[in-house]
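Reproduced below: entry.cif, with mmCIF, C-alpha atoms.
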data_entry
#
loop_
_atom_site.group_PDB
_atom_site.id
_atom_site.type_symbol
_atom_site.label_atom_id
_atom_site.label_comp_id
_atom_site.auth_asym_id
_atom_site.auth_seq_id
_atom_site.Cartn_x
_atom_site.Cartn_y
_atom_site.Cartn_z
ATOM 1 C CA MET A 1 103.158 115.962 142.589
ATOM 2 C CA ASN A 2 100.855 114.350 145.101
ATOM 3 C CA SER A 3 102.914 114.998 148.176
ATOM 4 C CA PRO A 4 100.919 114.835 151.429
ATOM 5 C CA HIS A 5 101.915 118.280 152.679
ATOM 6 C CA LEU A 6 99.002 120.458 153.681
ATOM 7 C CA THR A 7 98.995 124.090 154.741
ATOM 8 C CA ARG A 8 102.571 124.738 155.763
ATOM 9 C CA ARG A 9 101.887 128.090 154.067
ATOM 10 C CA LEU A 10 99.776 129.384 156.944
ATOM 11 C CA LEU A 11 102.161 130.034 159.794
ATOM 12 C CA VAL A 12 99.983 129.721 162.897
ATOM 13 C CA SER A 13 97.447 132.375 162.000
ATOM 14 C CA ALA A 14 100.163 134.929 161.266
ATOM 15 C CA LEU A 15 99.195 135.128 157.613
ATOM 16 C CA ALA A 16 95.494 134.886 158.279
ATOM 17 C CA ALA A 17 95.694 137.693 160.819
ATOM 18 C CA LEU A 18 98.027 139.746 158.598
ATOM 19 C CA ALA A 19 100.273 140.263 161.583
ATOM 20 C CA LEU A 20 103.286 139.401 159.477
ATOM 21 C CA VAL A 21 102.128 139.300 155.881
ATOM 22 C CA SER A 22 100.479 142.652 155.315
ATOM 23 C CA ALA A 23 101.377 143.725 151.804
ATOM 24 C CA SER A 24 97.814 143.244 150.587
ATOM 25 C CA SER A 25 96.700 146.220 152.666
ATOM 26 C CA GLY A 26 99.624 148.378 151.616
ATOM 27 C CA PRO A 27 103.342 148.566 152.211
ATOM 28 C CA ALA A 28 104.880 148.756 155.638
ATOM 29 C CA ALA A 29 105.513 152.267 156.882
ATOM 30 C CA GLY A 30 108.331 153.863 154.943
ATOM 31 C CA VAL A 31 108.815 150.828 152.687
ATOM 32 C CA SER A 32 108.129 150.975 148.962
ATOM 33 C CA VAL A 33 106.735 147.830 147.360
ATOM 34 C CA PRO A 34 107.898 147.579 143.728
ATOM 35 C CA GLY A 35 105.263 146.716 141.165
ATOM 36 C CA PRO A 36 105.789 144.781 137.953
ATOM 37 C CA ARG A 37 108.622 146.142 135.828
ATOM 38 C CA ALA A 38 108.626 146.643 132.105
ATOM 39 C CA ALA A 39 109.839 143.704 130.034
ATOM 40 C CA THR A 40 113.012 145.593 129.208
ATOM 41 C CA ALA A 41 114.134 145.876 132.827
ATOM 42 C CA ALA A 42 117.412 144.117 133.552
ATOM 43 C CA GLY A 43 116.426 143.127 137.070
ATOM 44 C CA SER A 44 113.915 143.894 139.784
ATOM 45 C CA PHE A 45 115.234 142.134 142.905
ATOM 46 C CA THR A 46 118.715 140.994 143.864
ATOM 47 C CA ASP A 47 120.152 139.900 147.165
ATOM 48 C CA ASP A 48 123.701 138.523 147.159
ATOM 49 C CA PHE A 49 123.777 138.503 150.971
ATOM 50 C CA ASP A 50 126.922 140.565 151.285
ATOM 51 C CA GLY A 51 127.687 141.861 154.750
ATOM 52 C CA PRO A 52 129.573 141.174 157.964
ATOM 53 C CA ALA A 53 129.465 137.682 159.421
ATOM 54 C CA GLY A 54 126.674 137.293 161.940
ATOM 55 C CA SER A 55 124.608 140.218 160.712
ATOM 56 C CA ALA A 56 120.918 139.917 159.946
ATOM 57 C CA VAL A 57 119.409 140.063 156.473
ATOM 58 C CA ASP A 58 118.585 143.400 154.857
ATOM 59 C CA GLY A 59 115.355 144.545 156.490
ATOM 60 C CA ALA A 60 114.476 146.632 153.462
ATOM 61 C CA LYS A 61 114.230 143.402 151.453
ATOM 62 C CA TRP A 62 113.130 140.753 153.949
ATOM 63 C CA GLN A 63 111.027 140.430 157.052
ATOM 64 C CA ILE A 64 111.455 137.610 159.558
ATOM 65 C CA GLU A 65 108.438 135.528 160.536
ATOM 66 C CA THR A 66 108.201 134.055 164.023
ATOM 67 C CA GLY A 67 106.208 131.261 165.609
ATOM 68 C CA ASP A 68 105.313 127.640 164.980
ATOM 69 C CA ASN A 69 102.971 125.971 162.480
ATOM 70 C CA VAL A 70 100.190 123.771 163.809
ATOM 71 C CA ASN A 71 98.575 123.529 160.365
ATOM 72 C CA ASN A 72 101.189 121.128 159.058
ATOM 73 C CA HIS A 73 102.460 119.817 162.411
ATOM 74 C CA GLU A 74 105.973 121.099 161.830
ATOM 75 C CA ARG A 75 108.252 120.908 164.850
ATOM 76 C CA GLN A 76 110.300 124.121 164.645
ATOM 77 C CA TYR A 77 109.852 127.540 166.194
ATOM 78 C CA TYR A 78 110.869 130.326 163.800
ATOM 79 C CA THR A 79 112.946 132.906 165.659
ATOM 80 C CA ALA A 80 113.463 136.611 165.073
ATOM 81 C CA GLY A 81 116.523 138.627 164.090
ATOM 82 C CA ASN A 82 119.756 136.819 163.347
ATOM 83 C CA ASP A 83 119.362 133.955 165.830
ATOM 84 C CA ASN A 84 118.718 131.402 163.066
ATOM 85 C CA ALA A 85 119.188 133.478 159.901
ATOM 86 C CA ALA A 86 122.473 135.327 159.502
ATOM 87 C CA LEU A 87 125.036 136.304 156.898
ATOM 88 C CA ASP A 88 128.298 134.356 156.965
ATOM 89 C CA GLY A 89 130.537 137.184 155.735
ATOM 90 C CA GLN A 90 131.287 135.272 152.527
ATOM 91 C CA GLY A 91 128.249 136.292 150.492
ATOM 92 C CA HIS A 92 125.782 133.771 151.868
ATOM 93 C CA LEU A 93 122.660 133.743 153.986
ATOM 94 C CA VAL A 94 122.719 130.789 156.376
ATOM 95 C CA ILE A 95 119.421 129.562 157.816
ATOM 96 C CA THR A 96 120.284 127.216 160.668
ATOM 97 C CA ALA A 97 118.016 124.566 162.161
ATOM 98 C CA ARG A 98 118.985 123.575 165.691
ATOM 99 C CA ARG A 99 117.751 121.081 168.232
ATOM 100 C CA GLU A 100 117.346 123.596 171.056
ATOM 101 C CA ASN A 101 114.924 125.846 172.901
ATOM 102 C CA PRO A 102 116.917 128.597 174.614
ATOM 103 C CA ASN A 103 113.924 130.798 175.394
ATOM 104 C CA ASN A 104 111.311 128.215 176.384
ATOM 105 C CA TYR A 105 109.343 128.686 173.164
ATOM 106 C CA ARG A 106 105.918 127.052 173.108
ATOM 107 C CA CYS A 107 104.732 125.123 170.061
ATOM 108 C CA TRP A 108 101.453 123.442 169.155
ATOM 109 C CA TYR A 109 102.712 120.188 170.694
ATOM 110 C CA GLY A 110 104.075 121.730 173.896
ATOM 111 C CA THR A 111 107.640 122.876 174.554
ATOM 112 C CA CYS A 112 109.345 123.426 171.200
ATOM 113 C CA GLU A 113 112.194 121.074 170.369
ATOM 114 C CA TYR A 114 113.806 122.957 167.463
ATOM 115 C CA THR A 115 114.464 126.464 166.158
ATOM 116 C CA SER A 116 114.859 127.676 162.585
ATOM 117 C CA ALA A 117 113.999 130.704 160.414
ATOM 118 C CA ARG A 118 111.566 131.838 157.744
ATOM 119 C CA LEU A 119 111.866 135.056 155.683
ATOM 120 C CA ASN A 120 109.535 136.743 153.218
ATOM 121 C CA THR A 121 109.438 139.867 151.069
ATOM 122 C CA SER A 122 105.812 140.798 151.767
ATOM 123 C CA GLY A 123 105.568 144.554 152.148
ATOM 124 C CA ARG A 124 109.030 144.915 150.605
ATOM 125 C CA PHE A 125 108.890 143.332 147.152
ATOM 126 C CA THR A 126 106.293 141.745 144.902
ATOM 127 C CA GLN A 127 106.575 140.678 141.299
ATOM 128 C CA GLN A 128 104.290 139.598 138.475
ATOM 129 C CA TYR A 129 106.111 137.424 135.905
ATOM 130 C CA GLY A 130 109.805 137.040 135.239
ATOM 131 C CA HIS A 131 112.718 134.736 135.993
ATOM 132 C CA VAL A 132 112.870 133.903 139.699
ATOM 133 C CA GLU A 133 115.857 131.992 141.041
ATOM 134 C CA ALA A 134 117.822 131.092 144.134
ATOM 135 C CA ARG A 135 121.237 129.449 144.262
ATOM 136 C CA MET A 136 121.349 127.323 147.386
ATOM 137 C CA LYS A 137 122.948 124.404 149.159
ATOM 138 C CA ILE A 138 120.286 122.513 151.053
ATOM 139 C CA PRO A 139 120.593 120.597 154.341
ATOM 140 C CA ARG A 140 120.404 116.839 154.692
ATOM 141 C CA GLY A 141 118.708 114.404 157.023
ATOM 142 C CA GLN A 142 115.346 112.903 157.868
ATOM 143 C CA GLY A 143 112.822 115.595 158.792
ATOM 144 C CA MET A 144 114.513 118.468 156.938
ATOM 145 C CA TRP A 145 112.207 120.540 154.704
ATOM 146 C CA PRO A 146 113.891 123.501 152.963
ATOM 147 C CA ALA A 147 111.848 125.574 150.542
ATOM 148 C CA PHE A 148 111.984 128.563 148.200
ATOM 149 C CA TRP A 149 108.488 129.606 147.175
ATOM 150 C CA MET A 150 106.007 132.422 146.468
ATOM 151 C CA LEU A 151 102.547 133.419 147.671
ATOM 152 C CA GLY A 152 99.971 135.631 145.974
ATOM 153 C CA ASP A 153 100.139 139.143 147.392
ATOM 154 C CA ASP A 154 96.355 139.166 147.860
ATOM 155 C CA ILE A 155 96.430 136.398 150.478
ATOM 156 C CA GLY A 156 95.114 138.797 153.113
ATOM 157 C CA GLN A 157 92.044 139.459 150.995
ATOM 158 C CA VAL A 158 91.241 136.050 149.480
ATOM 159 C CA GLY A 159 93.059 133.597 151.775
ATOM 160 C CA TRP A 160 94.929 130.455 150.840
ATOM 161 C CA PRO A 161 94.751 128.630 148.431
ATOM 162 C CA ALA A 162 92.806 131.236 146.435
ATOM 163 C CA SER A 163 95.897 133.446 146.671
ATOM 164 C CA GLY A 164 97.912 130.885 144.766
ATOM 165 C CA GLU A 165 101.306 129.443 145.640
ATOM 166 C CA ILE A 166 104.308 128.702 143.443
ATOM 167 C CA ASP A 167 106.816 126.337 145.029
ATOM 168 C CA VAL A 168 110.055 126.945 143.166
ATOM 169 C CA MET A 169 111.882 124.297 145.193
ATOM 170 C CA GLU A 170 111.015 121.973 148.050
ATOM 171 C CA ASN A 171 113.041 119.080 149.358
ATOM 172 C CA VAL A 172 112.217 116.524 152.011
ATOM 173 C CA GLY A 173 115.176 114.905 153.705
ATOM 174 C CA PHE A 174 114.261 111.312 152.894
ATOM 175 C CA GLU A 175 114.753 112.185 149.190
ATOM 176 C CA PRO A 176 118.322 113.546 149.145
ATOM 177 C CA SER A 177 118.575 113.471 145.334
ATOM 178 C CA THR A 178 115.148 114.938 144.504
ATOM 179 C CA VAL A 179 113.442 118.328 144.626
ATOM 180 C CA HIS A 180 109.849 119.249 143.826
ATOM 181 C CA GLY A 181 108.191 122.171 142.040
ATOM 182 C CA THR A 182 104.462 122.658 142.596
ATOM 183 C CA LEU A 183 101.483 124.944 142.000
ATOM 184 C CA HIS A 184 98.747 125.292 144.621
ATOM 185 C CA GLY A 185 95.440 127.035 144.036
ATOM 186 C CA PRO A 186 91.684 126.628 144.492
ATOM 187 C CA GLY A 187 90.840 122.976 143.824
ATOM 188 C CA TYR A 188 94.473 121.860 143.588
ATOM 189 C CA SER A 189 96.065 122.610 146.956
ATOM 190 C CA GLY A 190 97.885 120.573 149.574
ATOM 191 C CA SER A 191 98.229 116.961 148.482
ATOM 192 C CA GLY A 192 96.367 117.878 145.274
ATOM 193 C CA GLY A 193 98.984 120.394 144.125
ATOM 194 C CA ILE A 194 100.065 120.259 140.476
ATOM 195 C CA GLY A 195 103.776 119.651 140.003
ATOM 196 C CA ALA A 196 106.702 117.381 139.264
ATOM 197 C CA ALA A 197 110.026 116.240 140.673
ATOM 198 C CA TYR A 198 113.609 116.591 139.462
ATOM 199 C CA THR A 199 116.226 114.012 140.455
ATOM 200 C CA LEU A 200 119.981 114.399 140.150
ATOM 201 C CA PRO A 201 121.743 111.684 138.144
ATOM 202 C CA GLY A 202 124.078 109.100 139.574
ATOM 203 C CA GLY A 203 122.799 109.211 143.136
ATOM 204 C CA GLN A 204 124.148 112.696 143.801
ATOM 205 C CA ALA A 205 122.658 114.534 146.777
ATOM 206 C CA PHE A 206 121.508 118.147 146.602
ATOM 207 C CA ALA A 207 123.158 118.764 149.972
ATOM 208 C CA ASP A 208 126.587 118.089 148.480
ATOM 209 C CA ASP A 209 126.834 121.321 146.479
ATOM 210 C CA PHE A 210 125.105 124.532 145.425
ATOM 211 C CA HIS A 211 122.360 124.317 142.802
ATOM 212 C CA THR A 212 120.234 126.958 141.090
ATOM 213 C CA PHE A 213 116.476 126.507 141.388
ATOM 214 C CA ALA A 214 114.331 128.678 139.142
ATOM 215 C CA VAL A 215 110.996 129.336 137.514
ATOM 216 C CA ASP A 216 110.325 131.254 134.331
ATOM 217 C CA TRP A 217 106.899 132.755 134.851
ATOM 218 C CA ALA A 218 104.820 134.286 132.065
ATOM 219 C CA PRO A 219 101.127 134.983 131.472
ATOM 220 C CA GLY A 220 99.460 131.589 131.527
ATOM 221 C CA SER A 221 102.562 129.501 132.208
ATOM 222 C CA VAL A 222 105.178 128.577 134.815
ATOM 223 C CA THR A 223 108.317 126.614 133.845
ATOM 224 C CA TRP A 224 110.692 125.033 136.393
ATOM 225 C CA SER A 225 114.404 124.325 136.051
ATOM 226 C CA VAL A 226 117.367 123.108 138.105
ATOM 227 C CA ASP A 227 120.791 124.362 137.029
ATOM 228 C CA GLY A 228 119.210 125.437 133.741
ATOM 229 C CA ASN A 229 117.646 122.020 133.075
ATOM 230 C CA VAL A 230 113.910 122.468 132.470
ATOM 231 C CA TYR A 231 111.837 119.672 133.990
ATOM 232 C CA GLN A 232 108.232 120.841 133.801
ATOM 233 C CA ARG A 233 105.925 123.517 132.397
ATOM 234 C CA ARG A 234 102.413 124.153 133.671
ATOM 235 C CA THR A 235 99.547 126.060 132.070
ATOM 236 C CA PRO A 236 95.819 126.445 132.788
ATOM 237 C CA ALA A 237 95.244 123.304 130.696
ATOM 238 C CA ASP A 238 96.852 121.254 133.493
ATOM 239 C CA LEU A 239 94.325 122.287 136.143
ATOM 240 C CA GLY A 240 91.340 120.167 135.105
ATOM 241 C CA GLY A 241 89.056 123.159 134.800
ATOM 242 C CA ASN A 242 90.113 124.792 138.059
ATOM 243 C CA THR A 243 91.020 128.475 138.176
ATOM 244 C CA TRP A 244 94.512 129.666 137.225
ATOM 245 C CA VAL A 245 95.490 132.247 139.877
ATOM 246 C CA PHE A 246 99.043 133.094 138.790
ATOM 247 C CA ASP A 247 98.590 136.240 136.735
ATOM 248 C CA LYS A 248 99.087 138.715 139.583
ATOM 249 C CA PRO A 249 101.878 139.842 141.951
ATOM 250 C CA PHE A 250 103.502 137.358 144.330
ATOM 251 C CA PHE A 251 106.076 137.748 147.111
ATOM 252 C CA LEU A 252 109.063 135.513 147.928
ATOM 253 C CA ILE A 253 109.631 133.165 150.877
ATOM 254 C CA LEU A 254 112.692 131.258 152.112
ATOM 255 C CA ASN A 255 112.467 128.829 155.013
ATOM 256 C CA LEU A 256 113.822 125.694 156.601
ATOM 257 C CA ALA A 257 111.112 123.665 158.310
ATOM 258 C CA ILE A 258 111.674 120.652 160.547
ATOM 259 C CA GLY A 259 109.227 117.776 160.496
ATOM 260 C CA GLY A 260 105.607 117.913 159.420
ATOM 261 C CA TYR A 261 103.191 115.652 157.593
ATOM 262 C CA TRP A 262 105.248 115.354 154.417
ATOM 263 C CA PRO A 263 108.886 114.989 155.551
ATOM 264 C CA GLY A 264 108.116 113.266 158.852
ATOM 265 C CA ASP A 265 109.962 114.061 162.051
ATOM 266 C CA PRO A 266 113.727 113.876 162.557
ATOM 267 C CA ASP A 267 114.973 110.521 163.794
ATOM 268 C CA GLY A 268 118.048 109.154 165.526
ATOM 269 C CA GLY A 269 120.070 109.497 162.342
ATOM 270 C CA THR A 270 119.371 113.218 161.902
ATOM 271 C CA SER A 271 122.274 115.383 163.030
ATOM 272 C CA PHE A 272 122.013 119.010 164.128
ATOM 273 C CA PRO A 273 122.620 121.781 163.388
ATOM 274 C CA GLN A 274 121.583 121.683 159.735
ATOM 275 C CA GLN A 275 121.915 124.631 157.354
ATOM 276 C CA LEU A 276 120.242 126.022 154.271
ATOM 277 C CA VAL A 277 122.954 128.148 152.646
ATOM 278 C CA VAL A 278 121.690 130.707 150.129
ATOM 279 C CA ASP A 279 124.188 132.257 147.726
ATOM 280 C CA HIS A 280 121.735 134.604 146.020
ATOM 281 C CA VAL A 281 118.100 135.319 145.235
ATOM 282 C CA ARG A 282 117.334 137.138 141.983
ATOM 283 C CA VAL A 283 114.238 138.161 140.075
ATOM 284 C CA THR A 284 114.583 139.521 136.533
ATOM 285 C CA THR A 285 111.974 140.554 134.035
ATOM 286 C CA SER A 286 114.085 140.539 130.884
ATOM 287 C CA ASP A 287 114.710 137.545 128.648
ATOM 288 C CA LEU A 288 118.304 137.450 129.897
ATOM 289 C CA ARG A 289 118.820 135.173 132.874
ATOM 290 C CA PRO A 290 121.256 136.346 135.545
ATOM 291 C CA PRO A 291 124.620 134.611 135.704
ATOM 292 C CA VAL A 292 124.969 131.498 137.826
#

Transcribe the structure of this file into structure tokens.
Amino acid sequence: MNSPHLTRRLLVSALAALALVSASSGPAAGVSVPGPRAATAAGSFTDDFDGPAGSAVDGAKWQIETGDNVNNHERQYYTAGNDNAALDGQGHLVITARRENPNNYRCWYGTCEYTSARLNTSGRFTQQYGHVEARMKIPRGQGMWPAFWMLGDDIGQVGWPASGEIDVMENVGFEPSTVHGTLHGPGYSGSGGIGAAYTLPGGQAFADDFHTFAVDWAPGSVTWSVDGNVYQRRTPADLGGNTWVFDKPFFLILNLAIGGYWPGDPDGGTSFPQQLVVDHVRVTTSDLRPPV
């Protein structure tokens, strides 16, 4: 995939400064960071987002990032707590993008126009290899940019893109029927990422229903699927001699961005609020995939 998105990964110096993503220097106080599990393990991470409506995500599994992102010229301000990321009481996490600025947030372009949320498992959970999936219903509309992805846990030591990035699923609102899966690393980052797209048949839109987005990750390979349909496999042979940086622990990220170089900004036809509804996130290290 040669999408023109750049460093949406670096949330306004938060990662670079390790203010939010600090697993590389050890777990957060009182939080255990699981290492790779044996191949016989049935599962290593599960969140079915059960809990009372309006409650925040489990802080033992996720941390909430805050701020804007000048690096990719996104328009949203990511808020804390359950303002834009909350359980719905029916087994879902709902990340809501709104056209609002209730607290006079400041963004790279001035007064922020939108709020949304971004969560990661840094300091809570990392994994090397396995089946990684999320069942989600994505938003719709020009300027929407939902994503489920992973970053190398050593980002605080080596920076991005040397840390590596595995995009399990990205969608940009002007492509309602298509999602993208991409690898980013040294020499193949940003618009030079290595990946492919998957398009639903018959003009269906991903926002119309839940779909399961997954990678099967093994030493020297990453394979992408949508609803069990494999659409690409990448190995070091695909990198044109560049370094493969995906044989180490990564952490998970869920977010809903608004605008930016790749999706473009919302327009007059974009309605708000928009929601990324997540039914579950699961990581397993056995050969058995979790049920859909």

Applied to the shown file, which residues does the PyMOL selection byres ((chain A and resi 64) around 8) return, written as a PDB file with C-alpha atoms, in the frame of the given file?
ATOM      1  CA  TRP A  62     113.130 140.753 153.949  1.00  0.00           C
ATOM      2  CA  GLN A  63     111.027 140.430 157.052  1.00  0.00           C
ATOM      3  CA  GLU A  65     108.438 135.528 160.536  1.00  0.00           C
ATOM      4  CA  THR A  66     108.201 134.055 164.023  1.00  0.00           C
ATOM      5  CA  THR A  79     112.946 132.906 165.659  1.00  0.00           C
ATOM      6  CA  ALA A  80     113.463 136.611 165.073  1.00  0.00           C
ATOM      7  CA  GLY A  81     116.523 138.627 164.090  1.00  0.00           C
ATOM      8  CA  ALA A 117     113.999 130.704 160.414  1.00  0.00           C
ATOM      9  CA  ARG A 118     111.566 131.838 157.744  1.00  0.00           C
ATOM     10  CA  LEU A 119     111.866 135.056 155.683  1.00  0.00           C
ATOM     11  CA  ASN A 120     109.535 136.743 153.218  1.00  0.00           C
TER      12      ASN A 120
END

Worksheet, complete the sentence: Of A:Asp209, A:Asp154, A:Glu113, A:Asp238, the one sitting nearest Thr182 of chain A when using all atoms listed in the file is A:Asp238

Which residues would end up in the selection if the PyMOL selection byres ((chain A and resi 51) around 6) were applied here, given that I need the answer as a PDB file with C-alpha atoms, keeping the file's coordinate frame?
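Writing the result to selection00.pdb gives the following:
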ATOM      1  CA  ASP A  50     126.922 140.565 151.285  1.00  0.00           C
ATOM      2  CA  PRO A  52     129.573 141.174 157.964  1.00  0.00           C
ATOM      3  CA  GLY A  89     130.537 137.184 155.735  1.00  0.00           C
TER       4      GLY A  89
END

Worksheet item: Using all atoms listed in the file, which of A:Asn69, A:Ser116, A:Gln204, A:Thr243 sits nearest Asn82 of chain A?
Response: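 Selected residue with least distance to Asn82 of chain A: A:Ser116.
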
Item to complete: Would you please work out which residue, of A:Tyr188, A:Trp262, A:Phe246, A:Tyr77, is nearest to Met144 of chain A when using all atoms listed in the file?
Response: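 Looking only at the distances to Met144 of chain A, the closest residue turns out to be A:Trp262.
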
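Put simply, atom CA of Arg282 of chain A is 4.5 Å away from atom CA of Thr46 of chain A.
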
Practice prompt. Give me, please, the distance in Å between atom CA of Gly91 of chain A and atom CA of Phe251 of chain A, quoted to one decimal.
Written response: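 According to the coordinates, atom CA of Gly91 of chain A and atom CA of Phe251 of chain A are separated by 22.5 Å.
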
Discussion item. I'd like the neighbourhood of Arg98 of chain A as a VMD selection string, where a residue qualifies if any of its atoms comes within 9 Å (using all atoms listed in the file), though same-chain residues fewer than 5 positions away should be ignored.
Written reply: chain A and resid 76 84 113 to 116 272 to 275

Item to complete: Considering all atoms listed in the file, return as a VMD selection string whatever protein or nucleic-acid residues lie within 8 Å of segment 164-175 of chain A, sequence-local ones (same chain, fewer than 4 positions apart) excluded.
Response: chain A and resid 133 139 to 152 160 179 to 186 213 to 215 224 245 to 246 262 to 263

Would you export the selected residues with C-alpha atoms as a PDB file, in the frame of the given file, please?
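Saved the output as out_14.pdb:
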ATOM      1  CA  GLU A 133     115.857 131.992 141.041  1.00  0.00           C
ATOM      2  CA  PRO A 139     120.593 120.597 154.341  1.00  0.00           C
ATOM      3  CA  ARG A 140     120.404 116.839 154.692  1.00  0.00           C
ATOM      4  CA  GLY A 141     118.708 114.404 157.023  1.00  0.00           C
ATOM      5  CA  GLN A 142     115.346 112.903 157.868  1.00  0.00           C
ATOM      6  CA  GLY A 143     112.822 115.595 158.792  1.00  0.00           C
ATOM      7  CA  MET A 144     114.513 118.468 156.938  1.00  0.00           C
ATOM      8  CA  TRP A 145     112.207 120.540 154.704  1.00  0.00           C
ATOM      9  CA  PRO A 146     113.891 123.501 152.963  1.00  0.00           C
ATOM     10  CA  ALA A 147     111.848 125.574 150.542  1.00  0.00           C
ATOM     11  CA  PHE A 148     111.984 128.563 148.200  1.00  0.00           C
ATOM     12  CA  TRP A 149     108.488 129.606 147.175  1.00  0.00           C
ATOM     13  CA  MET A 150     106.007 132.422 146.468  1.00  0.00           C
ATOM     14  CA  LEU A 151     102.547 133.419 147.671  1.00  0.00           C
ATOM     15  CA  GLY A 152      99.971 135.631 145.974  1.00  0.00           C
ATOM     16  CA  TRP A 160      94.929 130.455 150.840  1.00  0.00           C
ATOM     17  CA  VAL A 179     113.442 118.328 144.626  1.00  0.00           C
ATOM     18  CA  HIS A 180     109.849 119.249 143.826  1.00  0.00           C
ATOM     19  CA  GLY A 181     108.191 122.171 142.040  1.00  0.00           C
ATOM     20  CA  THR A 182     104.462 122.658 142.596  1.00  0.00           C
ATOM     21  CA  LEU A 183     101.483 124.944 142.000  1.00  0.00           C
ATOM     22  CA  HIS A 184      98.747 125.292 144.621  1.00  0.00           C
ATOM     23  CA  GLY A 185      95.440 127.035 144.036  1.00  0.00           C
ATOM     24  CA  PRO A 186      91.684 126.628 144.492  1.00  0.00           C
ATOM     25  CA  PHE A 213     116.476 126.507 141.388  1.00  0.00           C
ATOM     26  CA  ALA A 214     114.331 128.678 139.142  1.00  0.00           C
ATOM     27  CA  VAL A 215     110.996 129.336 137.514  1.00  0.00           C
ATOM     28  CA  TRP A 224     110.692 125.033 136.393  1.00  0.00           C
ATOM     29  CA  VAL A 245      95.490 132.247 139.877  1.00  0.00           C
ATOM     30  CA  PHE A 246      99.043 133.094 138.790  1.00  0.00           C
ATOM     31  CA  TRP A 262     105.248 115.354 154.417  1.00  0.00           C
ATOM     32  CA  PRO A 263     108.886 114.989 155.551  1.00  0.00           C
TER      33      PRO A 263
END

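One distance worth recording is that between atom CA of Ser177 of chain A and atom CA of Ser225 of chain A, which is 14.9 Å.
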
Practice prompt. Show which residues sit within 7 Å of Ala85 of chain A, as number ranges by chain. Count only C-alpha atoms, and ignore same-chain residues fewer than 4 positions away.
Written response: A: 56, 93-96, 117

Practice prompt. Determine the residue membership of the PyMOL selection byres ((chain A and resi 231) around 10) for the file above and supply it as a count of residues only.
Written response: 14

Which polymer residues, protein or nucleic acid, are no farther than 10 Å from (89.8, 117.7, 137.8), counting all atoms listed in the file, as an mmCIF file with C-alpha atoms, in the coordinates of the input?
data_model
loop_
_atom_site.group_PDB
_atom_site.id
_atom_site.type_symbol
_atom_site.label_atom_id
_atom_site.label_comp_id
_atom_site.auth_asym_id
_atom_site.auth_seq_id
_atom_site.Cartn_x
_atom_site.Cartn_y
_atom_site.Cartn_z
ATOM 1 C CA GLY A 187 90.840 122.976 143.824
ATOM 2 C CA TYR A 188 94.473 121.860 143.588
ATOM 3 C CA GLY A 192 96.367 117.878 145.274
ATOM 4 C CA ASP A 238 96.852 121.254 133.493
ATOM 5 C CA LEU A 239 94.325 122.287 136.143
ATOM 6 C CA GLY A 240 91.340 120.167 135.105
ATOM 7 C CA GLY A 241 89.056 123.159 134.800
ATOM 8 C CA ASN A 242 90.113 124.792 138.059
#

How big is the axis-aligned box around the listed atoms of segment 164-177 of chain A once 5 Å is added on each side, and where is its centre? Give both in Å to one decimal, as lines of an AutoDock Vina configuration file.
center_x = 108.2
center_y = 121.1
center_z = 148.4
size_x = 30.7
size_y = 29.6
size_z = 20.5

Item to complete: Please identify all polymer residues within 6 Å of Ala134 of chain A, counting all atoms listed in the file, omitting same-chain residues fewer than 4 positions from it, and present them as a list in words.
Response: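 The residues that qualify are Thr212, Phe213, His280 and Val281 of chain A.
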